[in-house]
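What follows is the content of work00.tsv, which has TSV, C-alpha atoms:
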chain	number	residue	atom	x	y	z
M	1	MET	CA	-19.52	9.86	-4.16
M	2	ILE	CA	-18.51	7.45	-6.90
M	3	LEU	CA	-15.89	8.33	-9.50
M	4	LYS	CA	-16.34	6.25	-12.66
M	5	VAL	CA	-13.32	5.37	-14.77
M	6	LYS	CA	-13.74	3.61	-18.11
M	7	THR	CA	-10.82	1.40	-19.12
M	8	ASN	CA	-10.24	0.33	-22.72
M	9	LYS	CA	-7.81	-2.57	-22.71
M	10	LYS	CA	-7.08	-5.78	-20.82
M	11	LYS	CA	-4.04	-4.12	-19.17
M	12	GLU	CA	-3.82	-0.35	-18.91
M	13	ILE	CA	-2.41	2.50	-16.84
M	14	ILE	CA	-4.89	5.35	-16.53
M	15	ASP	CA	-3.93	8.78	-15.21
M	16	ILE	CA	-6.84	9.90	-13.01
M	17	THR	CA	-5.16	13.04	-11.60
M	18	GLU	CA	-7.26	15.55	-13.57
M	19	LYS	CA	-10.46	13.65	-12.87
M	20	ILE	CA	-9.80	14.03	-9.14
M	21	ASN	CA	-8.94	17.73	-9.53
M	22	GLU	CA	-12.24	18.27	-11.37
M	23	PHE	CA	-14.04	16.60	-8.47
M	24	LEU	CA	-12.17	18.81	-5.97
M	25	GLU	CA	-13.18	22.00	-7.81
M	26	LYS	CA	-16.83	21.23	-7.07
M	27	GLN	CA	-16.26	20.66	-3.33
M	28	ASN	CA	-16.63	23.23	-0.53
M	29	LYS	CA	-13.39	22.34	1.17
M	30	GLU	CA	-10.26	24.22	0.08
M	31	SER	CA	-7.69	21.88	1.59
M	32	GLY	CA	-7.44	18.50	3.28
M	33	LEU	CA	-7.10	14.91	2.18
M	34	ILE	CA	-8.90	13.01	-0.52
M	35	PHE	CA	-9.63	9.31	-0.04
M	36	LEU	CA	-10.02	6.90	-2.97
M	37	PHE	CA	-11.24	3.32	-2.67
M	38	ALA	CA	-11.71	1.11	-5.76
M	39	LEU	CA	-14.59	-1.37	-5.36
M	40	HIS	CA	-12.78	-4.06	-7.30
M	41	THR	CA	-10.33	-6.95	-7.05
M	42	THR	CA	-8.54	-6.72	-10.41
M	43	CYS	CA	-7.42	-3.11	-10.52
M	44	ALA	CA	-5.25	-0.97	-8.23
M	45	LEU	CA	-4.62	2.64	-7.24
M	46	THR	CA	-1.21	4.20	-6.64
M	47	THR	CA	1.04	7.13	-7.56
M	48	ALA	CA	3.44	6.98	-10.50
M	49	ASP	CA	5.80	8.77	-12.86
M	50	LEU	CA	4.12	9.12	-16.24
M	51	ASP	CA	6.85	10.38	-18.54
M	52	PRO	CA	6.02	9.50	-22.17
M	53	GLY	CA	6.28	5.71	-22.50
M	54	ALA	CA	6.26	5.09	-18.75
M	55	ASP	CA	2.71	3.71	-18.85
M	56	LYS	CA	3.93	0.96	-21.17
M	57	ASP	CA	6.95	0.39	-18.94
M	58	TYR	CA	4.67	-0.18	-15.95
M	59	LEU	CA	2.79	-2.84	-17.90
M	60	ILE	CA	6.04	-4.51	-18.98
M	61	ALA	CA	7.26	-4.56	-15.37
M	62	PHE	CA	3.96	-5.95	-14.00
M	63	GLU	CA	4.04	-8.66	-16.67
M	64	LYS	CA	7.61	-9.53	-15.58
M	65	ILE	CA	6.75	-9.88	-11.86
M	66	THR	CA	3.50	-11.80	-12.49
M	67	PRO	CA	3.88	-15.12	-10.67
M	68	GLN	CA	3.20	-17.98	-13.07
M	69	ALA	CA	1.86	-21.11	-11.39
M	70	LYS	CA	-0.87	-23.72	-11.49
M	71	TYR	CA	-3.65	-21.85	-9.69
M	72	ILE	CA	-6.65	-23.51	-8.06
M	73	HIS	CA	-9.14	-20.63	-8.57
M	74	PRO	CA	-12.14	-22.36	-10.21
M	75	HIS	CA	-13.18	-20.00	-13.02
M	76	ASN	CA	-10.23	-18.85	-15.11
M	77	PRO	CA	-7.23	-19.87	-13.03
M	78	GLU	CA	-4.99	-17.99	-15.51
M	79	HIS	CA	-6.80	-14.85	-14.39
M	80	PHE	CA	-5.74	-15.21	-10.74
M	81	PRO	CA	-2.57	-13.04	-11.01
M	82	ASP	CA	-4.86	-10.06	-11.79
M	83	HIS	CA	-6.31	-10.46	-8.28
M	84	PHE	CA	-2.87	-10.99	-6.79
M	85	LEU	CA	-1.32	-7.84	-8.26
M	86	SER	CA	-4.37	-5.81	-7.23
M	87	SER	CA	-3.97	-7.01	-3.61
M	88	VAL	CA	-0.22	-6.34	-3.55
M	89	VAL	CA	-0.41	-2.80	-4.97
M	90	GLY	CA	-3.61	-1.98	-3.09
M	91	THR	CA	-7.01	-0.59	-4.00
M	92	SER	CA	-7.04	2.59	-1.93
M	93	LEU	CA	-5.14	5.83	-1.59
M	94	PHE	CA	-5.03	9.15	0.27
M	95	ILE	CA	-3.68	12.31	-1.36
M	96	PRO	CA	-3.37	15.76	0.21
M	97	PHE	CA	-4.92	18.80	-1.52
M	98	GLU	CA	-4.75	22.58	-1.22
M	99	ASN	CA	-6.68	25.33	-3.09
M	100	LYS	CA	-8.87	22.51	-4.47
M	101	ASN	CA	-5.85	20.92	-6.18
M	102	LEU	CA	-3.97	17.74	-5.39
M	103	ILE	CA	-0.53	18.27	-3.87
M	104	LEU	CA	1.84	16.01	-5.80
M	105	GLY	CA	5.54	15.90	-6.60
M	106	THR	CA	6.73	17.41	-9.92
M	107	TRP	CA	6.51	14.05	-11.73
M	108	GLN	CA	3.91	12.41	-9.56
M	109	ARG	CA	0.52	11.37	-10.94
M	110	VAL	CA	-2.37	9.34	-9.52
M	111	ILE	CA	-3.06	6.21	-11.54
M	112	LEU	CA	-5.58	3.42	-11.81
M	113	ILE	CA	-3.93	0.19	-12.94
M	114	GLU	CA	-6.32	-1.98	-14.94
M	115	PHE	CA	-5.31	-5.64	-14.79
M	116	ASP	CA	-8.49	-7.14	-16.29
M	117	GLY	CA	-10.29	-4.67	-18.53
M	118	PRO	CA	-11.93	-3.25	-20.41
M	119	ARG	CA	-14.45	-2.32	-17.70
M	120	GLU	CA	-16.10	0.61	-16.02
M	121	ARG	CA	-14.40	0.95	-12.65
M	122	GLU	CA	-16.05	2.53	-9.61
M	123	ILE	CA	-13.99	4.41	-7.07
M	124	ILE	CA	-15.43	5.78	-3.85
M	125	ILE	CA	-14.13	9.32	-3.42
M	126	LYS	CA	-14.37	11.23	-0.13
M	127	VAL	CA	-13.00	14.54	1.09
M	128	ILE	CA	-11.60	14.47	4.64
N	1	MET	CA	4.16	20.70	7.02
N	2	ILE	CA	7.08	19.21	5.14
N	3	LEU	CA	9.45	16.69	6.70
N	4	LYS	CA	12.82	16.68	4.94
N	5	VAL	CA	14.86	13.48	4.77
N	6	LYS	CA	18.35	13.46	3.36
N	7	THR	CA	19.45	10.21	1.76
N	8	ASN	CA	23.09	9.32	1.19
N	9	LYS	CA	23.25	6.45	-1.27
N	10	LYS	CA	21.66	5.27	-4.52
N	11	LYS	CA	19.68	2.61	-2.59
N	12	GLU	CA	19.04	3.01	1.12
N	13	ILE	CA	16.61	2.17	3.92
N	14	ILE	CA	16.14	5.10	6.30
N	15	ASP	CA	14.43	4.75	9.66
N	16	ILE	CA	12.28	7.90	10.06
N	17	THR	CA	10.47	6.80	13.24
N	18	GLU	CA	12.29	9.20	15.59
N	19	LYS	CA	11.96	12.09	13.15
N	20	ILE	CA	8.19	11.63	13.20
N	21	ASN	CA	8.14	11.36	17.01
N	22	GLU	CA	10.10	14.65	17.23
N	23	PHE	CA	7.48	16.24	15.00
N	24	LEU	CA	4.66	14.85	17.18
N	25	GLU	CA	6.22	16.28	20.36
N	26	LYS	CA	5.75	19.79	18.96
N	27	GLN	CA	2.06	19.27	18.07
N	28	ASN	CA	-0.95	20.16	20.22
N	29	LYS	CA	-2.73	16.88	19.66
N	30	GLU	CA	-2.01	14.07	22.12
N	31	SER	CA	-3.41	11.21	20.06
N	32	GLY	CA	-4.75	10.47	16.60
N	33	LEU	CA	-3.31	9.51	13.26
N	34	ILE	CA	-0.33	10.87	11.42
N	35	PHE	CA	-0.40	11.02	7.62
N	36	LEU	CA	2.78	10.91	5.52
N	37	PHE	CA	2.93	11.54	1.78
N	38	ALA	CA	6.25	11.53	-0.12
N	39	LEU	CA	6.25	13.97	-3.06
N	40	HIS	CA	8.37	11.65	-5.20
N	41	THR	CA	8.26	8.79	-7.69
N	42	THR	CA	11.50	6.94	-6.81
N	43	CYS	CA	11.17	6.41	-3.06
N	44	ALA	CA	8.57	4.72	-0.88
N	45	LEU	CA	7.18	4.72	2.66
N	46	THR	CA	6.24	1.63	4.66
N	47	THR	CA	6.72	-0.13	7.98
N	48	ALA	CA	9.54	-2.63	8.53
N	49	ASP	CA	11.56	-4.75	10.91
N	50	LEU	CA	14.99	-3.16	11.37
N	51	ASP	CA	16.99	-5.74	13.29
N	52	PRO	CA	20.73	-5.19	12.69
N	53	GLY	CA	21.42	-6.08	9.05
N	54	ALA	CA	17.78	-6.02	8.03
N	55	ASP	CA	18.21	-2.74	6.13
N	56	LYS	CA	20.72	-4.49	3.87
N	57	ASP	CA	18.40	-7.50	3.54
N	58	TYR	CA	15.60	-5.23	2.30
N	59	LEU	CA	17.92	-3.86	-0.39
N	60	ILE	CA	18.99	-7.38	-1.40
N	61	ALA	CA	15.35	-8.46	-1.65
N	62	PHE	CA	14.30	-5.39	-3.67
N	63	GLU	CA	17.21	-6.02	-6.03
N	64	LYS	CA	16.03	-9.62	-6.45
N	65	ILE	CA	12.44	-8.71	-7.33
N	66	THR	CA	13.42	-5.84	-9.66
N	67	PRO	CA	11.93	-6.70	-13.06
N	68	GLN	CA	14.65	-6.58	-15.73
N	69	ALA	CA	13.37	-5.70	-19.18
N	70	LYS	CA	13.91	-3.42	-22.15
N	71	TYR	CA	12.06	-0.32	-20.97
N	72	ILE	CA	10.76	2.43	-23.26
N	73	HIS	CA	11.11	5.32	-20.76
N	74	PRO	CA	13.09	7.96	-22.73
N	75	HIS	CA	15.69	9.23	-20.28
N	76	ASN	CA	17.49	6.46	-18.44
N	77	PRO	CA	15.37	3.41	-19.21
N	78	GLU	CA	17.50	1.42	-16.74
N	79	HIS	CA	16.15	3.74	-14.06
N	80	PHE	CA	12.52	2.77	-14.66
N	81	PRO	CA	12.42	0.00	-12.00
N	82	ASP	CA	13.00	2.71	-9.36
N	83	HIS	CA	9.62	4.21	-10.35
N	84	PHE	CA	8.02	0.79	-10.50
N	85	LEU	CA	9.08	-0.29	-7.00
N	86	SER	CA	8.01	3.10	-5.60
N	87	SER	CA	4.52	2.64	-7.10
N	88	VAL	CA	4.18	-0.95	-5.87
N	89	VAL	CA	5.25	-0.25	-2.26
N	90	GLY	CA	3.46	3.12	-2.16
N	91	THR	CA	4.42	6.67	-1.24
N	92	SER	CA	2.04	7.31	1.63
N	93	LEU	CA	1.27	5.96	5.08
N	94	PHE	CA	-0.93	6.47	8.16
N	95	ILE	CA	0.30	5.59	11.64
N	96	PRO	CA	-1.64	5.91	14.89
N	97	PHE	CA	-0.15	7.87	17.82
N	98	GLU	CA	-0.85	8.33	21.53
N	99	ASN	CA	0.83	10.61	24.12
N	100	LYS	CA	2.61	12.25	21.18
N	101	ASN	CA	4.31	8.98	20.27
N	102	LEU	CA	3.75	6.62	17.36
N	103	ILE	CA	2.01	3.37	18.26
N	104	LEU	CA	4.02	0.60	16.63
N	105	GLY	CA	4.63	-3.10	17.20
N	106	THR	CA	7.71	-4.15	19.22
N	107	TRP	CA	9.86	-4.56	16.12
N	108	GLN	CA	8.02	-2.19	13.84
N	109	ARG	CA	9.68	0.95	12.44
N	110	VAL	CA	8.64	3.51	9.83
N	111	ILE	CA	11.00	3.61	6.87
N	112	LEU	CA	11.69	5.63	3.77
N	113	ILE	CA	13.06	3.44	0.98
N	114	GLU	CA	15.39	5.37	-1.32
N	115	PHE	CA	15.57	3.77	-4.77
N	116	ASP	CA	17.38	6.60	-6.57
N	117	GLY	CA	19.46	8.70	-4.18
N	118	PRO	CA	21.26	10.50	-2.85
N	119	ARG	CA	18.62	13.24	-2.63
N	120	GLU	CA	16.73	15.38	-0.19
N	121	ARG	CA	13.26	13.90	0.04
N	122	GLU	CA	10.17	15.90	1.01
N	123	ILE	CA	7.34	14.26	2.90
N	124	ILE	CA	4.07	16.02	3.66
N	125	ILE	CA	3.20	15.33	7.28
N	126	LYS	CA	-0.25	16.01	8.76
N	127	VAL	CA	-1.89	15.23	12.07
N	128	ILE	CA	-5.48	13.98	11.84
F	1	MET	CA	-9.32	-0.46	20.19
F	2	ILE	CA	-7.44	-3.66	19.41
F	3	LEU	CA	-8.86	-6.34	17.14
F	4	LYS	CA	-7.30	-9.74	17.84
F	5	VAL	CA	-6.92	-12.27	15.04
F	6	LYS	CA	-5.70	-15.78	15.74
F	7	THR	CA	-3.84	-17.43	12.88
F	8	ASN	CA	-3.37	-21.19	12.66
F	9	LYS	CA	-0.64	-21.90	10.15
F	10	LYS	CA	2.77	-20.65	9.08
F	11	LYS	CA	1.25	-19.07	5.95
F	12	GLU	CA	-2.44	-18.22	5.85
F	13	ILE	CA	-5.02	-15.88	4.32
F	14	ILE	CA	-7.65	-14.86	6.87
F	15	ASP	CA	-10.86	-13.11	5.90
F	16	ILE	CA	-11.46	-10.47	8.60
F	17	THR	CA	-14.42	-8.72	6.87
F	18	GLU	CA	-17.09	-10.04	9.26
F	19	LYS	CA	-14.93	-9.33	12.32
F	20	ILE	CA	-14.74	-5.69	11.26
F	21	ASN	CA	-18.49	-5.54	10.57
F	22	GLU	CA	-19.14	-6.93	14.07
F	23	PHE	CA	-16.96	-4.17	15.48
F	24	LEU	CA	-18.84	-1.54	13.43
F	25	GLU	CA	-22.22	-2.73	14.74
F	26	LYS	CA	-21.16	-1.76	18.27
F	27	GLN	CA	-20.03	1.77	17.28
F	28	ASN	CA	-22.10	4.96	17.43
F	29	LYS	CA	-21.11	6.15	13.99
F	30	GLU	CA	-23.31	5.08	11.07
F	31	SER	CA	-20.89	5.92	8.27
F	32	GLY	CA	-17.32	7.00	7.70
F	33	LEU	CA	-13.96	5.30	7.36
F	34	ILE	CA	-12.43	2.52	9.37
F	35	PHE	CA	-8.67	2.46	9.92
F	36	LEU	CA	-6.75	-0.77	10.53
F	37	PHE	CA	-3.11	-0.94	11.57
F	38	ALA	CA	-1.39	-4.27	12.31
F	39	LEU	CA	1.27	-3.99	15.02
F	40	HIS	CA	3.53	-6.53	13.33
F	41	THR	CA	6.29	-7.00	10.78
F	42	THR	CA	5.44	-10.45	9.37
F	43	CYS	CA	1.79	-10.07	8.39
F	44	ALA	CA	-0.07	-7.70	6.07
F	45	LEU	CA	-3.51	-6.22	5.47
F	46	THR	CA	-5.14	-5.72	2.08
F	47	THR	CA	-8.29	-6.36	0.06
F	48	ALA	CA	-8.73	-9.53	-2.00
F	49	ASP	CA	-10.97	-11.78	-4.03
F	50	LEU	CA	-11.78	-14.89	-1.98
F	51	ASP	CA	-13.54	-17.20	-4.39
F	52	PRO	CA	-13.21	-20.82	-3.21
F	53	GLY	CA	-9.54	-21.78	-3.56
F	54	ALA	CA	-8.33	-18.21	-3.99
F	55	ASP	CA	-6.80	-18.17	-0.49
F	56	LYS	CA	-4.50	-21.02	-1.55
F	57	ASP	CA	-3.75	-19.23	-4.84
F	58	TYR	CA	-2.61	-16.15	-2.91
F	59	LEU	CA	-0.18	-18.31	-0.90
F	60	ILE	CA	1.12	-19.98	-4.09
F	61	ALA	CA	1.68	-16.57	-5.70
F	62	PHE	CA	3.43	-15.12	-2.61
F	63	GLU	CA	5.68	-18.18	-2.50
F	64	LYS	CA	6.53	-17.63	-6.19
F	65	ILE	CA	7.51	-13.96	-5.76
F	66	THR	CA	9.47	-14.55	-2.54
F	67	PRO	CA	13.01	-13.34	-3.25
F	68	GLN	CA	15.50	-16.10	-2.42
F	69	ALA	CA	18.91	-14.81	-1.38
F	70	LYS	CA	21.61	-15.07	1.27
F	71	TYR	CA	20.20	-12.72	3.89
F	72	ILE	CA	22.26	-11.09	6.63
F	73	HIS	CA	19.47	-10.87	9.26
F	74	PRO	CA	21.06	-12.48	12.34
F	75	HIS	CA	18.35	-14.72	13.77
F	76	ASN	CA	16.71	-16.86	11.11
F	77	PRO	CA	17.90	-15.29	7.86
F	78	GLU	CA	15.54	-17.63	5.98
F	79	HIS	CA	12.72	-15.85	7.76
F	80	PHE	CA	13.59	-12.43	6.32
F	81	PRO	CA	11.25	-12.67	3.27
F	82	ASP	CA	8.32	-12.72	5.75
F	83	HIS	CA	9.33	-9.18	6.78
F	84	PHE	CA	9.91	-8.16	3.19
F	85	LEU	CA	6.49	-9.26	1.92
F	86	SER	CA	4.82	-7.60	4.92
F	87	SER	CA	6.54	-4.28	4.07
F	88	VAL	CA	5.70	-4.50	0.37
F	89	VAL	CA	1.99	-5.29	0.84
F	90	GLY	CA	1.64	-2.99	3.85
F	91	THR	CA	0.32	-3.32	7.38
F	92	SER	CA	-2.48	-0.76	7.31
F	93	LEU	CA	-5.73	-0.09	5.49
F	94	PHE	CA	-8.72	2.26	5.31
F	95	ILE	CA	-12.15	1.04	4.27
F	96	PRO	CA	-15.32	3.12	3.91
F	97	PHE	CA	-18.51	2.08	5.74
F	98	GLU	CA	-22.20	2.97	5.68
F	99	ASN	CA	-25.08	1.79	7.90
F	100	LYS	CA	-22.43	0.21	10.13
F	101	ASN	CA	-21.28	-2.05	7.27
F	102	LEU	CA	-18.14	-1.98	5.19
F	103	ILE	CA	-18.60	-0.76	1.63
F	104	LEU	CA	-16.80	-3.27	-0.59
F	105	GLY	CA	-17.02	-4.45	-4.18
F	106	THR	CA	-19.10	-7.57	-4.95
F	107	TRP	CA	-16.07	-9.89	-4.67
F	108	GLN	CA	-13.94	-7.76	-2.38
F	109	ARG	CA	-12.97	-8.94	1.10
F	110	VAL	CA	-10.59	-7.58	3.74
F	111	ILE	CA	-7.79	-10.01	4.54
F	112	LEU	CA	-4.95	-10.46	6.96
F	113	ILE	CA	-2.03	-12.28	5.33
F	114	GLU	CA	-0.07	-14.34	7.84
F	115	PHE	CA	3.51	-14.90	6.69
F	116	ASP	CA	4.92	-16.28	9.94
F	117	GLY	CA	2.22	-17.90	12.08
F	118	PRO	CA	0.61	-19.35	13.95
F	119	ARG	CA	0.25	-16.29	16.20
F	120	GLU	CA	-2.27	-13.98	17.76
F	121	ARG	CA	-2.17	-10.79	15.71
F	122	GLU	CA	-3.16	-7.39	17.09
F	123	ILE	CA	-4.73	-4.80	14.83
F	124	ILE	CA	-5.48	-1.26	15.95
F	125	ILE	CA	-8.98	-0.39	14.75
F	126	LYS	CA	-10.31	3.19	14.71
F	127	VAL	CA	-13.45	4.78	13.33
F	128	ILE	CA	-12.92	8.12	11.54

Could the structure of this file be written out as structure tokens, please?
Amino acid sequence: MILKVKTNKKKEIIDITEKINEFLEKQNKESGLIFLFALHTTCALTTADLDPGADKDYLIAFEKITPQAKYIHPHNPEHFPDHFLSSVVGTSLFIPFENKNLILGTWQRVILIEFDGPREREIIIKVI
Amino acid sequence: MILKVKTNKKKEIIDITEKINEFLEKQNKESGLIFLFALHTTCALTTADLDPGADKDYLIAFEKITPQAKYIHPHNPEHFPDHFLSSVVGTSLFIPFENKNLILGTWQRVILIEFDGPREREIIIKVI
Amino acid sequence: MILKVKTNKKKEIIDITEKINEFLEKQNKESGLIFLFALHTTCALTTADLDPGADKDYLIAFEKITPQAKYIHPHNPEHFPDHFLSSVVGTSLFIPFENKNLILGTWQRVILIEFDGPREREIIIKVI
């Protein structure tokens, strides 16, 4: 199945934890692993702490580690770091679930990091 | 099942390879994949080279790439990079095993990276 | 099974998408997930955009974020960042497939990043 996630800004941290839990509620399996795979090269999937303000902090930190250079990439070379950060963080994820709910740490959330929005992102979602 | 890993310092590289092999010895399955998922937002799981001294080199390198900025995060803004590095490296991992032993490269080890210890870390461990 | 990938330079981005599709064609399973695990500590696996020139841009960006420091690592301390980048990006990957073909985004490719070649790299490949 495909999970669609609409992003609203050029750079954005989106909490997709509840969206995945809603998907799990409709499945037959009570427990197992959920696999997510974003079909894109300028966003990423990972886990994160999302205390108030932390989403902005993530964007500040990504901006800080963005490697500035003269890129070769033909269309929009200034856009290349969006691809780079997506490849470094990764575009897929597994999370365990039980009773049709993700098992996460107290502060842990599942996030999509948008590096080049706004767009509608497509994530393959599979129960294992 | 939960694998518990005690860390002893603020920043630390912990080799958990043997701990996982001990877990595998007690399982019924001879070969497959092992899944690890840390229930935390200030540590990470990955593979690494652990030649003598390399653990310290990892900490030096993480220190070097830590993005310094004015973070918004309400409690302990100076602690935000611990979350950031955890999200970039990732908190989960799959490793193949055979004959109840992890299959790894000659120099390859499985590590937990502690960014905000000392703590007792909990890692979900599942055989697939 | 082991997938062998020959690299030709010290630093190199290698598109392994077609190699994986060739492997999938010979399998019995039509759809599922493919698991890749590189048995090494100085290369990495991830997904990427490979527009013409983008492979060079990835190498420029990795060079830029390479943390320069006095490393302790006994043989070849200047070689330590190769291990570091491998651990940060990660040495394993899952990709979904259907009709014996990887499911990827329009611009998405599967790459091996060589940080310390030229070598022959070995990647465990398993269909799930």

Just fit chain F onto chain N on all the Cα atoms, in order, by least squares, and give it as a CSV table (one decimal) with C-alpha atoms, in the frame of the given file.
chain,number,residue,atom,x,y,z
F,1,MET,CA,4.2,20.7,7.0
F,2,ILE,CA,7.1,19.2,5.1
F,3,LEU,CA,9.4,16.7,6.7
F,4,LYS,CA,12.8,16.7,4.9
F,5,VAL,CA,14.9,13.5,4.8
F,6,LYS,CA,18.4,13.5,3.4
F,7,THR,CA,19.4,10.2,1.8
F,8,ASN,CA,23.1,9.3,1.2
F,9,LYS,CA,23.2,6.5,-1.3
F,10,LYS,CA,21.6,5.3,-4.5
F,11,LYS,CA,19.7,2.6,-2.6
F,12,GLU,CA,19.0,3.0,1.1
F,13,ILE,CA,16.6,2.2,3.9
F,14,ILE,CA,16.1,5.1,6.3
F,15,ASP,CA,14.4,4.8,9.7
F,16,ILE,CA,12.3,7.9,10.1
F,17,THR,CA,10.5,6.8,13.2
F,18,GLU,CA,12.3,9.2,15.6
F,19,LYS,CA,12.0,12.1,13.1
F,20,ILE,CA,8.2,11.6,13.2
F,21,ASN,CA,8.1,11.4,17.0
F,22,GLU,CA,10.1,14.6,17.2
F,23,PHE,CA,7.5,16.2,15.0
F,24,LEU,CA,4.7,14.9,17.2
F,25,GLU,CA,6.2,16.3,20.4
F,26,LYS,CA,5.8,19.8,19.0
F,27,GLN,CA,2.1,19.3,18.1
F,28,ASN,CA,-0.9,20.2,20.2
F,29,LYS,CA,-2.7,16.9,19.7
F,30,GLU,CA,-2.0,14.1,22.1
F,31,SER,CA,-3.4,11.2,20.1
F,32,GLY,CA,-4.8,10.5,16.6
F,33,LEU,CA,-3.3,9.5,13.3
F,34,ILE,CA,-0.3,10.9,11.4
F,35,PHE,CA,-0.4,11.0,7.6
F,36,LEU,CA,2.8,10.9,5.5
F,37,PHE,CA,2.9,11.5,1.8
F,38,ALA,CA,6.2,11.5,-0.1
F,39,LEU,CA,6.2,14.0,-3.1
F,40,HIS,CA,8.4,11.7,-5.2
F,41,THR,CA,8.3,8.8,-7.7
F,42,THR,CA,11.5,6.9,-6.8
F,43,CYS,CA,11.2,6.4,-3.1
F,44,ALA,CA,8.6,4.7,-0.9
F,45,LEU,CA,7.2,4.7,2.7
F,46,THR,CA,6.2,1.6,4.7
F,47,THR,CA,6.7,-0.1,8.0
F,48,ALA,CA,9.5,-2.6,8.5
F,49,ASP,CA,11.6,-4.8,10.9
F,50,LEU,CA,15.0,-3.2,11.4
F,51,ASP,CA,17.0,-5.7,13.3
F,52,PRO,CA,20.7,-5.2,12.7
F,53,GLY,CA,21.4,-6.1,9.1
F,54,ALA,CA,17.8,-6.0,8.0
F,55,ASP,CA,18.2,-2.7,6.1
F,56,LYS,CA,20.7,-4.5,3.9
F,57,ASP,CA,18.4,-7.5,3.5
F,58,TYR,CA,15.6,-5.2,2.3
F,59,LEU,CA,17.9,-3.8,-0.4
F,60,ILE,CA,19.0,-7.4,-1.4
F,61,ALA,CA,15.3,-8.5,-1.7
F,62,PHE,CA,14.3,-5.4,-3.7
F,63,GLU,CA,17.2,-6.0,-6.0
F,64,LYS,CA,16.0,-9.6,-6.5
F,65,ILE,CA,12.4,-8.7,-7.3
F,66,THR,CA,13.4,-5.8,-9.7
F,67,PRO,CA,11.9,-6.7,-13.1
F,68,GLN,CA,14.7,-6.6,-15.7
F,69,ALA,CA,13.4,-5.7,-19.2
F,70,LYS,CA,13.9,-3.4,-22.2
F,71,TYR,CA,12.1,-0.3,-21.0
F,72,ILE,CA,10.8,2.4,-23.2
F,73,HIS,CA,11.1,5.3,-20.8
F,74,PRO,CA,13.1,7.9,-22.7
F,75,HIS,CA,15.7,9.2,-20.3
F,76,ASN,CA,17.5,6.5,-18.4
F,77,PRO,CA,15.4,3.4,-19.2
F,78,GLU,CA,17.5,1.4,-16.7
F,79,HIS,CA,16.2,3.7,-14.1
F,80,PHE,CA,12.5,2.8,-14.6
F,81,PRO,CA,12.4,0.0,-12.0
F,82,ASP,CA,13.0,2.7,-9.4
F,83,HIS,CA,9.6,4.2,-10.3
F,84,PHE,CA,8.0,0.8,-10.5
F,85,LEU,CA,9.1,-0.3,-7.0
F,86,SER,CA,8.0,3.1,-5.6
F,87,SER,CA,4.5,2.6,-7.1
F,88,VAL,CA,4.2,-0.9,-5.9
F,89,VAL,CA,5.2,-0.2,-2.3
F,90,GLY,CA,3.5,3.1,-2.2
F,91,THR,CA,4.4,6.7,-1.3
F,92,SER,CA,2.0,7.3,1.6
F,93,LEU,CA,1.3,6.0,5.1
F,94,PHE,CA,-0.9,6.5,8.2
F,95,ILE,CA,0.3,5.6,11.6
F,96,PRO,CA,-1.6,5.9,14.9
F,97,PHE,CA,-0.1,7.9,17.8
F,98,GLU,CA,-0.8,8.3,21.5
F,99,ASN,CA,0.8,10.6,24.1
F,100,LYS,CA,2.6,12.3,21.2
F,101,ASN,CA,4.3,9.0,20.3
F,102,LEU,CA,3.7,6.6,17.4
F,103,ILE,CA,2.0,3.4,18.3
F,104,LEU,CA,4.0,0.6,16.6
F,105,GLY,CA,4.6,-3.1,17.2
F,106,THR,CA,7.7,-4.1,19.2
F,107,TRP,CA,9.9,-4.6,16.1
F,108,GLN,CA,8.0,-2.2,13.8
F,109,ARG,CA,9.7,0.9,12.4
F,110,VAL,CA,8.6,3.5,9.8
F,111,ILE,CA,11.0,3.6,6.9
F,112,LEU,CA,11.7,5.6,3.8
F,113,ILE,CA,13.1,3.4,1.0
F,114,GLU,CA,15.4,5.4,-1.3
F,115,PHE,CA,15.6,3.8,-4.8
F,116,ASP,CA,17.4,6.6,-6.6
F,117,GLY,CA,19.4,8.7,-4.2
F,118,PRO,CA,21.3,10.5,-2.8
F,119,ARG,CA,18.6,13.2,-2.6
F,120,GLU,CA,16.7,15.4,-0.2
F,121,ARG,CA,13.2,13.9,0.0
F,122,GLU,CA,10.2,15.9,1.0
F,123,ILE,CA,7.3,14.3,2.9
F,124,ILE,CA,4.1,16.0,3.7
F,125,ILE,CA,3.2,15.3,7.3
F,126,LYS,CA,-0.3,16.0,8.7
F,127,VAL,CA,-1.9,15.2,12.1
F,128,ILE,CA,-5.5,14.0,11.9

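Interatomic distance, atom CA of Thr91 of chain M against atom CA of Glu98 of chain F: 18.4 Å.
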
*Interatomic distance between atom CA of Leu50 of chain M and atom CA of Gln68 of chain M?*
27.3 Å

*Define the interface residues of chain N facing chain M as those within 9 Å, counting all atoms listed in the file, and report them as a ChimeraX atom specification.*
/N:35,37-42,65-74,77,80-81,83-84,86-93,122,124

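For the pair atom CA of Asp15 of chain M and atom CA of Ile2 of chain M, the interatomic distance is 16.8 Å.
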
Mind listing whatever residues come within 8 Å of the point (-7.1, 22.8, -4.8)? Use only C-alpha atoms, file coordinates, and give them as a PDB file with C-alpha atoms, in the frame of the given file.
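Final output, saved to selection-v6.pdb:
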ATOM      1  CA  ASN M  21      -8.940  17.730  -9.530  1.00  0.00           C
ATOM      2  CA  LEU M  24     -12.170  18.810  -5.970  1.00  0.00           C
ATOM      3  CA  GLU M  25     -13.180  22.000  -7.810  1.00  0.00           C
ATOM      4  CA  GLU M  30     -10.260  24.220   0.080  1.00  0.00           C
ATOM      5  CA  SER M  31      -7.690  21.880   1.590  1.00  0.00           C
ATOM      6  CA  PHE M  97      -4.920  18.800  -1.520  1.00  0.00           C
ATOM      7  CA  GLU M  98      -4.750  22.580  -1.220  1.00  0.00           C
ATOM      8  CA  ASN M  99      -6.680  25.330  -3.090  1.00  0.00           C
ATOM      9  CA  LYS M 100      -8.870  22.510  -4.470  1.00  0.00           C
ATOM     10  CA  ASN M 101      -5.850  20.920  -6.180  1.00  0.00           C
ATOM     11  CA  LEU M 102      -3.970  17.740  -5.390  1.00  0.00           C
TER      12      LEU M 102
END
